[in-house]
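Structure record follows, encoded as structure tokens.
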Amino acid sequence: MVSQQSSPARRFRGGISFAVVAVVLASLKSLSGCQALSGQLKTLPPEQLKSELVTAPAGSKPFAQGTLSPDGILTLDQFVDGVIKAGDRSDEKRSMTDRGFKSAAEVNWDAPDGTSADVFLLQFTRSDGAQDFVSGVSQATANEEKPQRPLGSLPGISGGETWTAGAVDTVGNIRQSAWFSVGNIAADVHYYTPGQPDSGGLAQLARAQQARLTGNVTTPSPLPAGTTSVAPAPGTTSAAPAPAGTTAAAAAPADQNRLLGDLVAPPAASKPWQADDQTGPSGILTLNQFAIRYAQADRQGVIDKQTTRGFQYAVRENWNTSDGQEADIVLAQFATATGAQSYTLGHQSSAGDKADAAGTYPIPNSGDTIAYDHRDLDSNGDILTESYAVIGNIAIDVSYWQPSKAVDRAVMTALLQQQYAKLLADPTVATAAKAAPALPSATP
């Protein structure tokens with residue numbers, strides 16, 4: 001069995017030696033003492049197999065590149081050629097044929113909450129063929145994907161396996177996979193979330209697929225929710241829950257004022273920006289006020305994305321100096337550290353596209369803070385340096401403009417270190433930071 005690889009184009013791919021997994025599977029069967037079921041089972045027509053796939057959440061859209069075949073029904077060649085590295089395809093086709101492969105079906109989508117999914121059902125003539133597929137692909141993925149990550153169990157599904165990537169992909173998503181079998185049908189589920197894994201959402205999606213296979217559920221599948229939500233029991237349906245963090249109550253005014261006090265003080269003799277329809281206000285910001293600063297053409301898109309991340313409120317200050325330098329600092333609080341990390345990773349990726357490698361530099365003694373000098377002058381003749389960091393559930397967003405050239409790195413470093421230290425000195429923020437997971441690396 002070979003693993004499946006992941007790429008920006010399809011989010012899904014891989015490959016190891018078939019011989020490696022053959023040994024692994026033989027060892028597993030020997031250790032367990034269990035004999036696989038070998039009797040042939042009734043197989044579904046391909047169209048009926050396709051109808052057993054989960055239904056995409058309301059408002060979602062299929063991947064722009066579509067499925068591996070025009071109608072989502074896959075032959076052996078279409079499945080293997082679509083998901084397996086070229087050098088391993090011949091061995092894999094022989095292996096799948098030996099297992100009794102009959103047909104496969106695929107559905108995929110990008111959901112409104114920023115998550116994506118790619119789901120396959122593979123039908124074999126025998127139940128042990130489906131079981132071997134699950135065991136083989138899960139073990140191969142855990143052994144061969146870099147960085148290596150262990151397999152986990154799939155809550156509520158006996159014999160199910162899960163795997164979570166150890167690094168974000170090139171678009172800032174974490175890939176999670178789940179595999180299980182129902183009779184002679186294997187389910188191969190891939191779930192992508194911005195910045196951080198969502199094991200609850202993956203499990204909910206997998207249970208929804210299991211319910212379709214075991215109970216012929218025909219209503220739309222629940223939209224996968226955050227790990228704090230409770231997934232419906234197998235065989236049941238429910239309305240789509242809100243994305244993680246969107247229903248959390250905003251912090252009390254006292255908390256908002258506390259975070260406002262965590263902003264660094266503007267330089268002496270500087271003047272604040274004048275608030276208008278282009279720059280937006282300073283002080284404590286609602287999401288609508290926050291969106292004024294970050295989008296002129298698509299404010300609703302900014303609002304929708306931050307709502308998905310669990311935005312609660314932001315605090316902001318900015319200034320102009322007599323020599324033409326300008327700065328803008330925003331601290332955005334999210335309901336969870338995951339939301340703040342998603343914001344930071346997304347903006348770091350975008351800023352990296354506008355800066356050369358030589359213009360990108362980390363800020364020491366300030367967590368994961370990175371600064372990015374833009375390549376070109378803006379319409380005012382300034383060079384923008386932008387920087388993003390996260391501490392607990394607070395995203396730090398600093399922009400600095402200087403005429404004709406990038407701001408001196410010593411100036412930017414001192415400003416960012418001062419802001420980071422001031423936040424870390426806040427006991428509420430420090431407590432959240434200690435409980436937060438590490439920011440995923442953009443590369444293994």
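In the structure tokens, the first chain shown is A, the next is B, and so on; residue numbers restart at 1 for each chain, and ligands run from 1 in the order shown.
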10 Å contact set for stretch 154-159 of chain A, only C-alpha atoms, chain neighbours under 5 positions out, as a compact mmCIF listing (two decimals) with N, CA and C atoms, in the first residue's frame:
```txt
# COMPACT_ATOMS: atom_id res chain seq x y z
N GLN A 131 -10.83 -3.51 4.48
CA GLN A 131 -10.07 -3.39 5.72
C GLN A 131 -8.58 -3.25 5.43
N VAL A 134 -7.75 0.31 4.36
CA VAL A 134 -7.70 1.23 5.50
C VAL A 134 -6.39 1.06 6.27
N SER A 135 -6.03 -0.19 6.58
CA SER A 135 -4.80 -0.44 7.33
C SER A 135 -3.58 0.00 6.55
N ALA A 178 -8.90 10.62 7.72
CA ALA A 178 -9.55 9.55 8.48
C ALA A 178 -9.88 8.42 7.51
N TRP A 179 -9.74 7.18 8.00
CA TRP A 179 -10.03 6.02 7.18
C TRP A 179 -10.83 5.02 8.03
N PHE A 180 -11.85 4.42 7.44
CA PHE A 180 -12.60 3.36 8.11
C PHE A 180 -13.33 2.57 7.03
N SER A 181 -13.87 1.42 7.41
CA SER A 181 -14.60 0.61 6.44
C SER A 181 -15.96 0.22 7.02
N VAL A 182 -16.92 0.07 6.13
CA VAL A 182 -18.25 -0.44 6.45
C VAL A 182 -18.52 -1.56 5.46
N SER A 199 -9.82 18.26 15.27
CA SER A 199 -10.12 16.83 15.36
C SER A 199 -11.61 16.59 15.53
N GLY A 200 -12.31 17.51 16.20
CA GLY A 200 -13.75 17.36 16.35
C GLY A 200 -14.48 17.46 15.03
N LEU A 202 -13.19 16.81 12.03
CA LEU A 202 -12.88 15.61 11.25
C LEU A 202 -13.74 14.44 11.71
N ALA A 203 -13.83 14.24 13.02
CA ALA A 203 -14.62 13.12 13.54
C ALA A 203 -16.09 13.27 13.18
N GLN A 204 -16.61 14.48 13.22
CA GLN A 204 -18.01 14.70 12.87
C GLN A 204 -18.26 14.39 11.40
N ALA A 206 -16.46 12.33 9.53
CA ALA A 206 -16.34 10.88 9.35
C ALA A 206 -17.59 10.16 9.84
N ARG A 207 -18.14 10.59 10.99
CA ARG A 207 -19.35 9.94 11.50
C ARG A 207 -20.55 10.20 10.60
N GLN A 210 -20.10 7.71 7.86
CA GLN A 210 -20.45 6.38 8.33
C GLN A 210 -21.97 6.21 8.41
N ALA A 233 -24.63 11.80 17.12
CA ALA A 233 -24.38 10.37 17.17
C ALA A 233 -24.56 9.77 15.79
N PRO A 234 -23.87 8.66 15.48
CA PRO A 234 -24.02 8.03 14.19
C PRO A 234 -25.49 7.72 13.90
```
- Query: When DSSP works through the backbone of this structure, what residues of stretch 265-357 of chain A end up as strand (DSSP E), shown as a PyMOL selection string?
  - Reply: chain A and resi 283-285+311-320+326-334
- Please measure the separation of atom CA of A:Arg175 and atom CA of A:Leu151, giving the value in Å to one decimal.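 According to the coordinates, atom CA of A:Arg175 and atom CA of A:Leu151 are separated by 13.4 Å.
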- Task: Tell me which protein, DNA and RNA residues are within 8 Å of A:Leu68, counting only C-alpha atoms, leaving out same-chain ones fewer than 5 positions away, and put them as a PyMOL selection string.
- Result: chain A and resi 74+78-79+82+106
- Task: Can you pull out every residue within 10 Å of A:Pro272, counting only C-alpha atoms, but drop anything in the same chain fewer than 5 positions away, and send it as a ChimeraX atom specification?
- Result: /A:266,282,317-321,326-328
Store the residues of this selection in a file with N, CA and C atoms, as a compact mmCIF listing (two decimals), in the first residue's frame.
```txt
# COMPACT_ATOMS: atom_id res chain seq x y z
N PRO A 266 2.52 55.89 21.84
CA PRO A 266 3.08 56.53 20.64
C PRO A 266 4.28 57.39 21.00
N SER A 282 -9.74 54.54 15.70
CA SER A 282 -8.82 53.91 16.64
C SER A 282 -9.57 53.62 17.92
N GLU A 317 -4.17 51.72 17.67
CA GLU A 317 -3.64 53.08 17.74
C GLU A 317 -2.72 53.30 16.55
N ASN A 318 -2.52 54.56 16.17
CA ASN A 318 -1.63 54.87 15.06
C ASN A 318 -1.09 56.28 15.23
N TRP A 319 -0.04 56.61 14.48
CA TRP A 319 0.56 57.93 14.61
C TRP A 319 1.35 58.32 13.37
N ASN A 320 1.54 59.63 13.23
CA ASN A 320 2.43 60.23 12.24
C ASN A 320 3.52 60.98 12.99
N THR A 321 4.75 60.93 12.47
CA THR A 321 5.84 61.71 13.06
C THR A 321 6.18 62.87 12.13
N GLU A 326 5.03 56.76 9.60
CA GLU A 326 3.69 56.43 10.08
C GLU A 326 3.68 55.01 10.64
N ALA A 327 2.85 54.79 11.64
CA ALA A 327 2.72 53.45 12.22
C ALA A 327 1.26 53.18 12.57
N ASP A 328 0.90 51.92 12.51
CA ASP A 328 -0.47 51.49 12.84
C ASP A 328 -0.36 50.15 13.56
```
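Closest approach to A:Leu122 among A:Gly301, A:Pro197, A:Gly172, A:Gly183: A:Gly183, based on only C-alpha atoms.
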- Test item: residues at most 10 Å from stretch 97-105 of chain A, only C-alpha atoms, excluding those fewer than 4 positions along its chain, as a PyMOL selection string: chain A and resi 38+40+43-53+67-69+71-76+78-79+91-93+119-133+184-187
Output C-alpha atoms for every residue in that selection, as a PDB file, in the first residue's frame.
```pdb
ATOM      1  CA  SER A  38     -12.728 -13.336   2.946  1.00  0.00           C
ATOM      2  CA  GLN A  40     -17.484 -11.901  -1.242  1.00  0.00           C
ATOM      3  CA  THR A  43     -21.508  -4.640  -4.583  1.00  0.00           C
ATOM      4  CA  LEU A  44     -23.405  -1.469  -5.397  1.00  0.00           C
ATOM      5  CA  PRO A  45     -23.666  -0.027  -8.897  1.00  0.00           C
ATOM      6  CA  PRO A  46     -21.221   2.902  -9.221  1.00  0.00           C
ATOM      7  CA  GLU A  47     -24.032   5.487  -9.313  1.00  0.00           C
ATOM      8  CA  GLN A  48     -25.466   4.127  -6.074  1.00  0.00           C
ATOM      9  CA  LEU A  49     -22.004   4.180  -4.453  1.00  0.00           C
ATOM     10  CA  LYS A  50     -21.727   7.842  -5.421  1.00  0.00           C
ATOM     11  CA  SER A  51     -25.122   8.539  -3.812  1.00  0.00           C
ATOM     12  CA  GLU A  52     -23.752   7.223  -0.495  1.00  0.00           C
ATOM     13  CA  LEU A  53     -21.178  10.031  -0.283  1.00  0.00           C
ATOM     14  CA  THR A  67     -12.968  15.563  -9.002  1.00  0.00           C
ATOM     15  CA  LEU A  68     -10.675  12.942 -10.536  1.00  0.00           C
ATOM     16  CA  SER A  69     -13.312  12.154 -13.168  1.00  0.00           C
ATOM     17  CA  ASP A  71     -18.850  12.688 -12.892  1.00  0.00           C
ATOM     18  CA  GLY A  72     -17.048  11.789  -9.641  1.00  0.00           C
ATOM     19  CA  ILE A  73     -17.189   8.029 -10.365  1.00  0.00           C
ATOM     20  CA  LEU A  74     -13.670   6.607 -10.593  1.00  0.00           C
ATOM     21  CA  THR A  75     -12.166   3.584 -12.249  1.00  0.00           C
ATOM     22  CA  LEU A  76      -9.082   1.940 -10.763  1.00  0.00           C
ATOM     23  CA  GLN A  78      -8.509   7.193 -12.347  1.00  0.00           C
ATOM     24  CA  PHE A  79      -8.178   6.706  -8.594  1.00  0.00           C
ATOM     25  CA  ASP A  91       2.349  -1.863  -7.790  1.00  0.00           C
ATOM     26  CA  GLU A  92      -0.671  -0.129  -6.315  1.00  0.00           C
ATOM     27  CA  LYS A  93      -2.947  -1.150  -9.171  1.00  0.00           C
ATOM     28  CA  VAL A 119     -13.972  12.363   0.461  1.00  0.00           C
ATOM     29  CA  PHE A 120     -13.639   9.034  -1.367  1.00  0.00           C
ATOM     30  CA  LEU A 121     -15.605   5.800  -1.110  1.00  0.00           C
ATOM     31  CA  LEU A 122     -13.860   2.704  -2.497  1.00  0.00           C
ATOM     32  CA  GLN A 123     -15.829  -0.500  -3.049  1.00  0.00           C
ATOM     33  CA  PHE A 124     -14.246  -3.949  -3.008  1.00  0.00           C
ATOM     34  CA  THR A 125     -15.690  -7.417  -3.595  1.00  0.00           C
ATOM     35  CA  ARG A 126     -14.680  -8.487  -0.067  1.00  0.00           C
ATOM     36  CA  SER A 127     -14.733  -6.839   3.346  1.00  0.00           C
ATOM     37  CA  ASP A 128     -11.103  -7.784   3.968  1.00  0.00           C
ATOM     38  CA  GLY A 129     -10.194  -5.831   0.841  1.00  0.00           C
ATOM     39  CA  ALA A 130     -11.707  -2.678   2.357  1.00  0.00           C
ATOM     40  CA  GLN A 131     -10.071  -3.394   5.716  1.00  0.00           C
ATOM     41  CA  ASP A 132      -6.649  -3.916   4.119  1.00  0.00           C
ATOM     42  CA  PHE A 133      -6.993  -0.634   2.236  1.00  0.00           C
ATOM     43  CA  ASN A 184     -16.797  -3.958   1.684  1.00  0.00           C
ATOM     44  CA  ILE A 185     -16.683  -0.143   1.346  1.00  0.00           C
ATOM     45  CA  ALA A 186     -13.682   1.871   2.552  1.00  0.00           C
ATOM     46  CA  ALA A 187     -14.033   5.577   3.340  1.00  0.00           C
TER      47      ALA A 187
END
```
Contacts of A:Lys354 at 8 Å (only C-alpha atoms; same-chain gap of 6+ positions) as a short mmCIF file (atom, residue, chain, number, x, y, z; two decimals) with C-alpha atoms, in the first residue's frame:
```cif
data_model
loop_
_atom_site.label_atom_id
_atom_site.label_comp_id
_atom_site.auth_asym_id
_atom_site.auth_seq_id
_atom_site.Cartn_x
_atom_site.Cartn_y
_atom_site.Cartn_z
CA TYR A 372 8.36 41.93 6.01
CA ASP A 373 9.75 44.87 4.02
CA HIS A 374 7.75 45.44 0.83
CA ARG A 375 9.75 45.51 -2.40
#
```
- Query: Taking the backbone alone, and naming residues the way the document does, which bits of stretch 283-390 of chain A are helix (DSSP H, G or I) by DSSP, as a ChimeraX atom specification?
  - Reply: /A:287-294,299-309,337-352,357-359
- Name all residues at most 6 Å from stretch 427-435 of chain A (count only C-alpha atoms; drop same-chain ones fewer than 2 positions away) and give them as an MDAnalysis selection string. chainID A and resid 391:392 424
Same residues, N, CA and C atoms, output as a PDB file, in the first residue's frame:
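Output file selection.pdb follows:
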```pdb
ATOM      1  N   ILE A 391       0.131  35.893  20.445  1.00  0.00           N
ATOM      2  CA  ILE A 391       0.426  35.521  21.828  1.00  0.00           C
ATOM      3  C   ILE A 391      -0.899  35.133  22.477  1.00  0.00           C
ATOM      4  N   GLY A 392      -1.044  33.851  22.783  1.00  0.00           N
ATOM      5  CA  GLY A 392      -2.323  33.361  23.290  1.00  0.00           C
ATOM      6  C   GLY A 392      -3.401  33.523  22.236  1.00  0.00           C
ATOM      7  N   LEU A 424       2.877  40.458  27.181  1.00  0.00           N
ATOM      8  CA  LEU A 424       3.261  39.343  28.039  1.00  0.00           C
ATOM      9  C   LEU A 424       3.198  39.723  29.512  1.00  0.00           C
TER      10      LEU A 424
END
```
- Message: What does the structure give for the distance between atom CA of A:His347 and atom CA of A:Trp273, in Å to one decimal?
- Response: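 We find that atom CA of A:His347 and atom CA of A:Trp273 lie 23.0 Å from each other.
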- Check the smallest atom-to-atom distance from each of A:Gly87, A:Gly339, A:Pro362, A:Gly367 to A:Ala395 using only C-alpha atoms, then report the winner.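 The shortest atom-to-atom distance to A:Ala395 comes from A:Gly339.
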- Item | Pairwise distance for atom CA of A:Ala371 and atom CA of A:Glu386, rounded to one decimal in Å |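 That distance, rounded to one decimal, is 5.7 Å.
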